[in-house]
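Written out below as structure tokens is the structure these notes cover.
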Amino acid sequence: MIASPLSRLFAGVALALTLFALPAAAQEAADPAPPPRPLRWSIAIHGGAGTMTRTAMTPEKEAEYRAALERGLAAGVAVLQAGGSSLDAVTAVVTTLEDDPHFNAGRGAVFTWDGKNSLDAAIMDGKTRKAGAVAGLARTKNPVLAARAVMEQGPHVFLTGDGAEQFAREHGIPEVDPSYFYTQERWDQLQKLKGQNLSAWDVEGKYGTVGAVAVDDQGHVAAATSTGGLTGKRWGRIGDSPVIGAGTYADDRACAVSATGTGEFFIREGVAHEICARIRFTGESPKVAADTVMLELGEMGGDGGVIVIAPDGQSAFSFNTEGMYRARANSDGLKEVAIFRDDGPGGIAPPKVIEPEPVAPVEPAPAPKIEPQL
């Protein structure tokens, strides 16, 4: 059969296209695929703020706390380096620190006035602004896991007491006997507080809350915080750590924050949300926003510290105490672990009280003498 002119034309065009494509295909095969883009991430953690000074801490104790911070930081870094989410990273950090008796969270939690442990935690996802919080736990091994279950699997944001424990149990969060949380140091602190009629600050000298903030390769931020509260706390007291917007907050439009300190003041100031709002609406850097809010907190009478991270990877510490257990790392190779005010970034000076200059009393001018009119 003789091909028509039209079919011969189509065949010629097809052959030409095939021959034209061969060099390009060969070139593609010869050129290796471009290397994958390096992951971009950043993370910061804390283990509480307070009167941490070199003179008040032995070299052995300092080494222990630095090693504990290293372990917590490493847990979060491992998640981010593997391309994991910021939410998974802060969860990994806080569960690691909850398992470490050096900190007032999980296993190292302080005792209430009644000699029990009462644990609080919160977590927040900056991508969706979903959040979960729990308070008054006594059997849940890792309160931050219960908070995450509330966020991801429950209809509510904040659960407390027996109801929170029941929810955690129903969602497979591990439980332990309350004796798991006992440490001799924390028990002795309670006896000293009650025996000498002291405050929690007098027997602890620090706020041992733990927390983490992170931004992952997708630019999503997250925050998590966990605490045992104050030594000798009574009447079901709950501090700022599990209060969304006070001790914990995350918003991809601004930053993620985790706080530690005098919880009542952090609640009144709405510290975590206030910092994020300043960044979002004024364009301030994380450090400037955090310092501004912490100075306001100090003027109210509160003390403590915060860690902040922004979607672009900027991280900041801010505290008005002598020190804060803190660490941070990022994909550019930054790695810092610090305790004291002078061995790392973050400290701000406590607010100065400006006394008015004395004014010399002014003698009243003598009344003018008025002569009687005649």
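Residue numbering restarts at 1 for every chain of the structure tokens, chains are lettered A, B, ... in their displayed order, and ligands are numbered from 1 as they appear.
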
Got a sec to tell me which of range 44-273 of chain A DSSP assigns to strand (DSSP E or B), as a PyMOL selection string? chain A and resi 44-50+119-125+130-137+140+158-160+175+206-207+210-215+221-227+244+248-251+255-261

Which residues are near Met324 in chain A? Cut-off 12 Å, only C-alpha atoms, ignore same chain within fewer than 3 positions. Put them as a ChimeraX atom specification. /A:45-53,65-66,69,205-211,259-261,303-307,317-321,327,337-348

Report as a tab-separated table the residues of range 210-295 of chain A within 9 Å of range 126-142 of chain A, each with its shortest atom pair and distance in Å (one decimal), using only C-alpha atoms, ordered by chain and increasing residue number.
residue	atom	partner	partner_atom	distance
A:Gly219	CA	A:Lys127	CA	8.8
A:His220	CA	A:Lys127	CA	5.6
A:Val221	CA	A:Gly126	CA	4.9
A:Ala222	CA	A:Gly126	CA	5.3
A:Ala223	CA	A:Gly126	CA	7.9
A:Ser226	CA	A:Asn142	CA	8.9
A:Gly228	CA	A:Gly136	CA	9.0
A:Gly236	CA	A:Gly136	CA	7.4
A:Arg237	CA	A:Gly136	CA	8.8
A:Ile238	CA	A:Ala135	CA	7.1
A:Ser241	CA	A:Ala133	CA	8.9
A:Pro242	CA	A:Ala133	CA	5.3
A:Val243	CA	A:Ala133	CA	7.3
A:Ile244	CA	A:Ala131	CA	7.5
A:Tyr249	CA	A:Gly126	CA	7.9
A:Ala250	CA	A:Gly126	CA	4.4
A:Asp251	CA	A:Gly126	CA	3.9
A:Asp252	CA	A:Gly126	CA	4.7
A:Arg253	CA	A:Gly126	CA	7.9
A:Ala254	CA	A:Gly126	CA	8.8
A:Cys255	CA	A:Gly126	CA	7.7
A:Ala256	CA	A:Gly126	CA	7.1

Residues from the last selection, N, CA and C atoms, saved as a PDB file, in the first residue's frame:
ATOM      1  N   GLY A 219       8.504  26.236  57.855  1.00  0.00           N
ATOM      2  CA  GLY A 219       8.214  27.548  58.418  1.00  0.00           C
ATOM      3  C   GLY A 219       7.119  27.558  59.455  1.00  0.00           C
ATOM      4  N   HIS A 220       6.774  26.384  59.985  1.00  0.00           N
ATOM      5  CA  HIS A 220       5.728  26.299  61.002  1.00  0.00           C
ATOM      6  C   HIS A 220       6.353  26.308  62.393  1.00  0.00           C
ATOM      7  N   VAL A 221       5.779  27.077  63.306  1.00  0.00           N
ATOM      8  CA  VAL A 221       6.295  27.170  64.668  1.00  0.00           C
ATOM      9  C   VAL A 221       5.402  26.379  65.612  1.00  0.00           C
ATOM     10  N   ALA A 222       5.963  26.000  66.759  1.00  0.00           N
ATOM     11  CA  ALA A 222       5.219  25.291  67.799  1.00  0.00           C
ATOM     12  C   ALA A 222       5.852  25.589  69.143  1.00  0.00           C
ATOM     13  N   ALA A 223       5.059  25.450  70.205  1.00  0.00           N
ATOM     14  CA  ALA A 223       5.547  25.677  71.564  1.00  0.00           C
ATOM     15  C   ALA A 223       4.957  24.633  72.494  1.00  0.00           C
ATOM     16  N   SER A 226       5.835  22.516  80.322  1.00  0.00           N
ATOM     17  CA  SER A 226       5.401  21.550  81.332  1.00  0.00           C
ATOM     18  C   SER A 226       5.978  21.942  82.683  1.00  0.00           C
ATOM     19  N   GLY A 228       5.645  21.387  87.350  1.00  0.00           N
ATOM     20  CA  GLY A 228       5.040  20.868  88.579  1.00  0.00           C
ATOM     21  C   GLY A 228       4.481  21.979  89.426  1.00  0.00           C
ATOM     22  N   GLY A 236      -5.684  23.944  94.692  1.00  0.00           N
ATOM     23  CA  GLY A 236      -5.764  23.664  93.264  1.00  0.00           C
ATOM     24  C   GLY A 236      -5.163  24.746  92.395  1.00  0.00           C
ATOM     25  N   ARG A 237      -4.176  25.470  92.940  1.00  0.00           N
ATOM     26  CA  ARG A 237      -3.545  26.557  92.193  1.00  0.00           C
ATOM     27  C   ARG A 237      -2.990  26.076  90.857  1.00  0.00           C
ATOM     28  N   ILE A 238      -3.220  26.860  89.804  1.00  0.00           N
ATOM     29  CA  ILE A 238      -2.675  26.604  88.475  1.00  0.00           C
ATOM     30  C   ILE A 238      -1.948  27.855  88.029  1.00  0.00           C
ATOM     31  N   SER A 241       1.819  28.096  82.965  1.00  0.00           N
ATOM     32  CA  SER A 241       2.340  27.151  81.971  1.00  0.00           C
ATOM     33  C   SER A 241       1.265  26.541  81.082  1.00  0.00           C
ATOM     34  N   PRO A 242       0.124  26.045  81.639  1.00  0.00           N
ATOM     35  CA  PRO A 242      -0.880  25.454  80.777  1.00  0.00           C
ATOM     36  C   PRO A 242      -1.900  26.459  80.229  1.00  0.00           C
ATOM     37  N   VAL A 243      -1.735  27.723  80.571  1.00  0.00           N
ATOM     38  CA  VAL A 243      -2.697  28.734  80.126  1.00  0.00           C
ATOM     39  C   VAL A 243      -2.269  29.255  78.756  1.00  0.00           C
ATOM     40  N   ILE A 244      -3.066  28.951  77.732  1.00  0.00           N
ATOM     41  CA  ILE A 244      -2.730  29.375  76.385  1.00  0.00           C
ATOM     42  C   ILE A 244      -2.783  30.901  76.308  1.00  0.00           C
ATOM     43  N   TYR A 249       2.300  29.852  73.738  1.00  0.00           N
ATOM     44  CA  TYR A 249       1.554  30.343  72.576  1.00  0.00           C
ATOM     45  C   TYR A 249       2.373  30.119  71.315  1.00  0.00           C
ATOM     46  N   ALA A 250       1.669  29.892  70.192  1.00  0.00           N
ATOM     47  CA  ALA A 250       2.340  29.720  68.905  1.00  0.00           C
ATOM     48  C   ALA A 250       1.427  30.190  67.788  1.00  0.00           C
ATOM     49  N   ASP A 251       1.992  30.950  66.853  1.00  0.00           N
ATOM     50  CA  ASP A 251       1.237  31.501  65.734  1.00  0.00           C
ATOM     51  C   ASP A 251       2.213  31.710  64.579  1.00  0.00           C
ATOM     52  N   ASP A 252       1.978  31.029  63.461  1.00  0.00           N
ATOM     53  CA  ASP A 252       2.867  31.159  62.309  1.00  0.00           C
ATOM     54  C   ASP A 252       2.974  32.592  61.805  1.00  0.00           C
ATOM     55  N   ARG A 253       2.030  33.436  62.142  1.00  0.00           N
ATOM     56  CA  ARG A 253       2.071  34.824  61.702  1.00  0.00           C
ATOM     57  C   ARG A 253       3.024  35.662  62.537  1.00  0.00           C
ATOM     58  N   ALA A 254       3.553  35.086  63.613  1.00  0.00           N
ATOM     59  CA  ALA A 254       4.387  35.891  64.512  1.00  0.00           C
ATOM     60  C   ALA A 254       5.529  35.083  65.120  1.00  0.00           C
ATOM     61  N   CYS A 255       5.208  34.142  66.042  1.00  0.00           N
ATOM     62  CA  CYS A 255       6.265  33.466  66.773  1.00  0.00           C
ATOM     63  C   CYS A 255       5.682  32.351  67.620  1.00  0.00           C
ATOM     64  N   ALA A 256       6.547  31.685  68.353  1.00  0.00           N
ATOM     65  CA  ALA A 256       6.155  30.732  69.389  1.00  0.00           C
ATOM     66  C   ALA A 256       6.872  31.114  70.671  1.00  0.00           C
TER      67      ALA A 256
END

Using only C-alpha atoms, which residues sit within 10 Å of Ala68 in chain A once same-chain residues fewer than 3 positions away are excluded, as a compact mmCIF listing (two decimals) with N, CA, C and O atoms, in the first residue's frame?
# COMPACT_ATOMS: atom_id res chain seq x y z
N GLY A 47 14.80 25.37 80.94
CA GLY A 47 14.54 24.50 82.07
C GLY A 47 14.27 25.27 83.34
O GLY A 47 14.49 24.77 84.44
N GLU A 62 26.62 22.14 88.05
CA GLU A 62 26.55 22.85 86.78
C GLU A 62 26.71 21.89 85.61
O GLU A 62 25.98 21.97 84.61
N ALA A 63 27.67 20.97 85.72
CA ALA A 63 27.89 19.99 84.65
C ALA A 63 26.65 19.11 84.45
O ALA A 63 26.29 18.77 83.31
N GLU A 64 25.99 18.75 85.54
CA GLU A 64 24.77 17.94 85.45
C GLU A 64 23.68 18.67 84.67
O GLU A 64 23.02 18.09 83.80
N TYR A 65 23.47 19.94 85.00
CA TYR A 65 22.41 20.69 84.33
C TYR A 65 22.74 20.95 82.87
O TYR A 65 21.86 20.90 82.00
N ARG A 71 20.86 17.00 76.47
CA ARG A 71 20.00 15.87 76.09
C ARG A 71 18.65 16.35 75.55
O ARG A 71 18.14 15.83 74.56
N GLY A 72 18.09 17.34 76.22
CA GLY A 72 16.82 17.86 75.75
C GLY A 72 16.93 18.49 74.37
O GLY A 72 16.09 18.26 73.50
N LEU A 73 17.98 19.30 74.18
CA LEU A 73 18.19 19.95 72.89
C LEU A 73 18.41 18.91 71.79
O LEU A 73 17.85 19.02 70.69
N ALA A 74 19.21 17.90 72.08
CA ALA A 74 19.51 16.87 71.09
C ALA A 74 18.25 16.14 70.63
O ALA A 74 18.12 15.78 69.45
N THR A 96 11.58 14.55 77.10
CA THR A 96 12.93 14.26 77.60
C THR A 96 13.18 14.97 78.93
O THR A 96 13.71 14.38 79.89
N LEU A 97 12.79 16.24 79.02
CA LEU A 97 13.02 17.01 80.25
C LEU A 97 12.05 16.59 81.36
O LEU A 97 12.40 16.67 82.54
N ASP A 100 13.53 13.81 83.29
CA ASP A 100 14.79 14.14 83.97
C ASP A 100 14.49 14.79 85.32
O ASP A 100 13.87 15.86 85.38
N PRO A 101 14.91 14.18 86.44
CA PRO A 101 14.58 14.73 87.76
C PRO A 101 15.27 16.06 88.10
O PRO A 101 15.01 16.63 89.16
N HIS A 102 16.12 16.58 87.21
CA HIS A 102 16.74 17.87 87.48
C HIS A 102 15.74 19.02 87.38
O HIS A 102 16.02 20.12 87.89
N PHE A 103 14.61 18.79 86.72
CA PHE A 103 13.70 19.89 86.44
C PHE A 103 12.35 19.70 87.13
O PHE A 103 11.92 18.57 87.38
N TYR A 325 18.14 28.33 82.80
CA TYR A 325 18.62 27.15 82.09
C TYR A 325 18.09 27.24 80.66
O TYR A 325 16.87 27.23 80.45

Give me, as an MDAnalysis selection string, all polymer residues having an atom no more than 12 Å from Gln153 in chain A, counting only C-alpha atoms and skipping those fewer than 2 positions away in the same chain. chainID A and resid 130:132 145:151 155:157 167:168 170:172

Written file, previous selection with N, CA, C and O atoms, as a short mmCIF file (atom, residue, chain, number, x, y, z; two decimals), in the first residue's frame:
data_model
loop_
_atom_site.label_atom_id
_atom_site.label_comp_id
_atom_site.auth_asym_id
_atom_site.auth_seq_id
_atom_site.Cartn_x
_atom_site.Cartn_y
_atom_site.Cartn_z
N LYS A 130 -4.19 25.41 66.81
CA LYS A 130 -4.81 24.46 67.71
C LYS A 130 -3.95 24.33 68.95
O LYS A 130 -2.72 24.46 68.88
N ALA A 131 -4.59 24.06 70.09
CA ALA A 131 -3.84 23.98 71.34
C ALA A 131 -4.48 22.96 72.26
O ALA A 131 -5.67 22.65 72.15
N GLY A 132 -3.66 22.42 73.16
CA GLY A 132 -4.15 21.49 74.17
C GLY A 132 -3.45 21.76 75.48
O GLY A 132 -2.26 22.09 75.50
N LEU A 145 2.32 14.85 76.63
CA LEU A 145 1.66 13.93 75.71
C LEU A 145 0.15 13.97 75.90
O LEU A 145 -0.62 13.85 74.93
N ALA A 146 -0.28 14.15 77.14
CA ALA A 146 -1.71 14.31 77.40
C ALA A 146 -2.22 15.60 76.77
O ALA A 146 -3.31 15.62 76.17
N ALA A 147 -1.45 16.68 76.90
CA ALA A 147 -1.85 17.95 76.30
C ALA A 147 -1.96 17.82 74.78
O ALA A 147 -2.89 18.34 74.16
N ARG A 148 -1.03 17.10 74.18
CA ARG A 148 -1.08 16.93 72.73
C ARG A 148 -2.29 16.09 72.32
O ARG A 148 -2.91 16.36 71.28
N ALA A 149 -2.61 15.09 73.11
CA ALA A 149 -3.80 14.28 72.82
C ALA A 149 -5.06 15.14 72.90
O ALA A 149 -5.98 14.99 72.07
N VAL A 150 -5.13 16.04 73.87
CA VAL A 150 -6.27 16.95 73.97
C VAL A 150 -6.37 17.79 72.71
O VAL A 150 -7.46 17.99 72.15
N MET A 151 -5.24 18.30 72.24
CA MET A 151 -5.22 19.15 71.05
C MET A 151 -5.65 18.39 69.80
O MET A 151 -6.44 18.89 68.99
N PRO A 155 -12.37 17.42 71.75
CA PRO A 155 -13.14 18.59 71.32
C PRO A 155 -12.84 19.86 72.11
O PRO A 155 -13.36 20.93 71.79
N HIS A 156 -12.01 19.74 73.16
CA HIS A 156 -11.75 20.87 74.05
C HIS A 156 -10.28 21.30 73.98
O HIS A 156 -9.47 20.67 73.31
N VAL A 157 -9.96 22.36 74.69
CA VAL A 157 -8.58 22.86 74.75
C VAL A 157 -7.94 22.55 76.10
O VAL A 157 -6.77 22.18 76.16
N PHE A 167 -9.14 11.17 80.23
CA PHE A 167 -8.96 11.40 78.79
C PHE A 167 -7.62 10.84 78.33
O PHE A 167 -7.53 10.17 77.29
N ALA A 168 -6.56 11.12 79.10
CA ALA A 168 -5.23 10.63 78.74
C ALA A 168 -5.21 9.11 78.69
O ALA A 168 -4.65 8.50 77.77
N GLU A 170 -7.73 7.05 78.20
CA GLU A 170 -8.51 6.56 77.08
C GLU A 170 -7.80 6.71 75.75
O GLU A 170 -8.14 6.03 74.77
N HIS A 171 -6.80 7.60 75.70
CA HIS A 171 -6.06 7.81 74.45
C HIS A 171 -4.66 7.23 74.50
O HIS A 171 -3.78 7.62 73.73
N GLY A 172 -4.45 6.29 75.43
CA GLY A 172 -3.23 5.51 75.43
C GLY A 172 -2.00 6.19 75.97
O GLY A 172 -0.88 5.72 75.72
#

Members of range 197-306 of chain A assigned alpha helix (DSSP H) by DSSP, as number ranges by chain: A: 200-204, 263-269, 271-282, 286-300

With C-alpha atoms kept, could you save the residues just selected as a PDB file, in the first residue's frame?
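Result file again.pdb:
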ATOM      1  CA  ALA A 200       8.372  28.527  97.318  1.00  0.00           C
ATOM      2  CA  TRP A 201      11.055  30.919  96.112  1.00  0.00           C
ATOM      3  CA  ASP A 202      12.911  30.681  99.431  1.00  0.00           C
ATOM      4  CA  VAL A 203      13.254  26.901  99.198  1.00  0.00           C
ATOM      5  CA  GLU A 204      13.736  26.540  95.435  1.00  0.00           C
ATOM      6  CA  GLY A 263       2.829  32.441  86.947  1.00  0.00           C
ATOM      7  CA  GLU A 264       0.260  34.814  88.410  1.00  0.00           C
ATOM      8  CA  PHE A 265       2.004  37.778  86.791  1.00  0.00           C
ATOM      9  CA  PHE A 266       2.467  35.984  83.472  1.00  0.00           C
ATOM     10  CA  ILE A 267      -1.278  35.310  83.428  1.00  0.00           C
ATOM     11  CA  ARG A 268      -2.142  38.918  84.244  1.00  0.00           C
ATOM     12  CA  GLU A 269       0.164  40.213  81.518  1.00  0.00           C
ATOM     13  CA  VAL A 271       2.936  37.360  78.295  1.00  0.00           C
ATOM     14  CA  ALA A 272       3.148  34.752  75.521  1.00  0.00           C
ATOM     15  CA  HIS A 273       0.356  36.255  73.415  1.00  0.00           C
ATOM     16  CA  GLU A 274       1.535  39.797  74.138  1.00  0.00           C
ATOM     17  CA  ILE A 275       4.971  39.021  72.691  1.00  0.00           C
ATOM     18  CA  CYS A 276       3.451  37.449  69.574  1.00  0.00           C
ATOM     19  CA  ALA A 277       1.081  40.397  69.129  1.00  0.00           C
ATOM     20  CA  ARG A 278       3.925  42.896  69.281  1.00  0.00           C
ATOM     21  CA  ILE A 279       5.868  40.969  66.636  1.00  0.00           C
ATOM     22  CA  ARG A 280       2.839  40.574  64.400  1.00  0.00           C
ATOM     23  CA  PHE A 281       1.476  44.104  64.574  1.00  0.00           C
ATOM     24  CA  THR A 282       4.573  46.269  65.129  1.00  0.00           C
ATOM     25  CA  PRO A 286      11.624  38.528  68.858  1.00  0.00           C
ATOM     26  CA  LYS A 287      14.282  39.920  71.181  1.00  0.00           C
ATOM     27  CA  VAL A 288      12.877  43.456  71.296  1.00  0.00           C
ATOM     28  CA  ALA A 289       9.312  42.238  71.799  1.00  0.00           C
ATOM     29  CA  ALA A 290      10.337  39.786  74.517  1.00  0.00           C
ATOM     30  CA  ASP A 291      12.468  42.333  76.393  1.00  0.00           C
ATOM     31  CA  THR A 292       9.703  44.933  76.267  1.00  0.00           C
ATOM     32  CA  VAL A 293       7.104  42.580  77.702  1.00  0.00           C
ATOM     33  CA  MET A 294       9.477  41.184  80.323  1.00  0.00           C
ATOM     34  CA  LEU A 295      10.306  44.688  81.489  1.00  0.00           C
ATOM     35  CA  GLU A 296       6.589  45.399  81.869  1.00  0.00           C
ATOM     36  CA  LEU A 297       6.238  42.166  83.825  1.00  0.00           C
ATOM     37  CA  GLY A 298       9.056  43.246  86.131  1.00  0.00           C
ATOM     38  CA  GLU A 299       7.414  46.593  86.739  1.00  0.00           C
ATOM     39  CA  MET A 300       4.298  44.714  87.856  1.00  0.00           C
TER      40      MET A 300
END
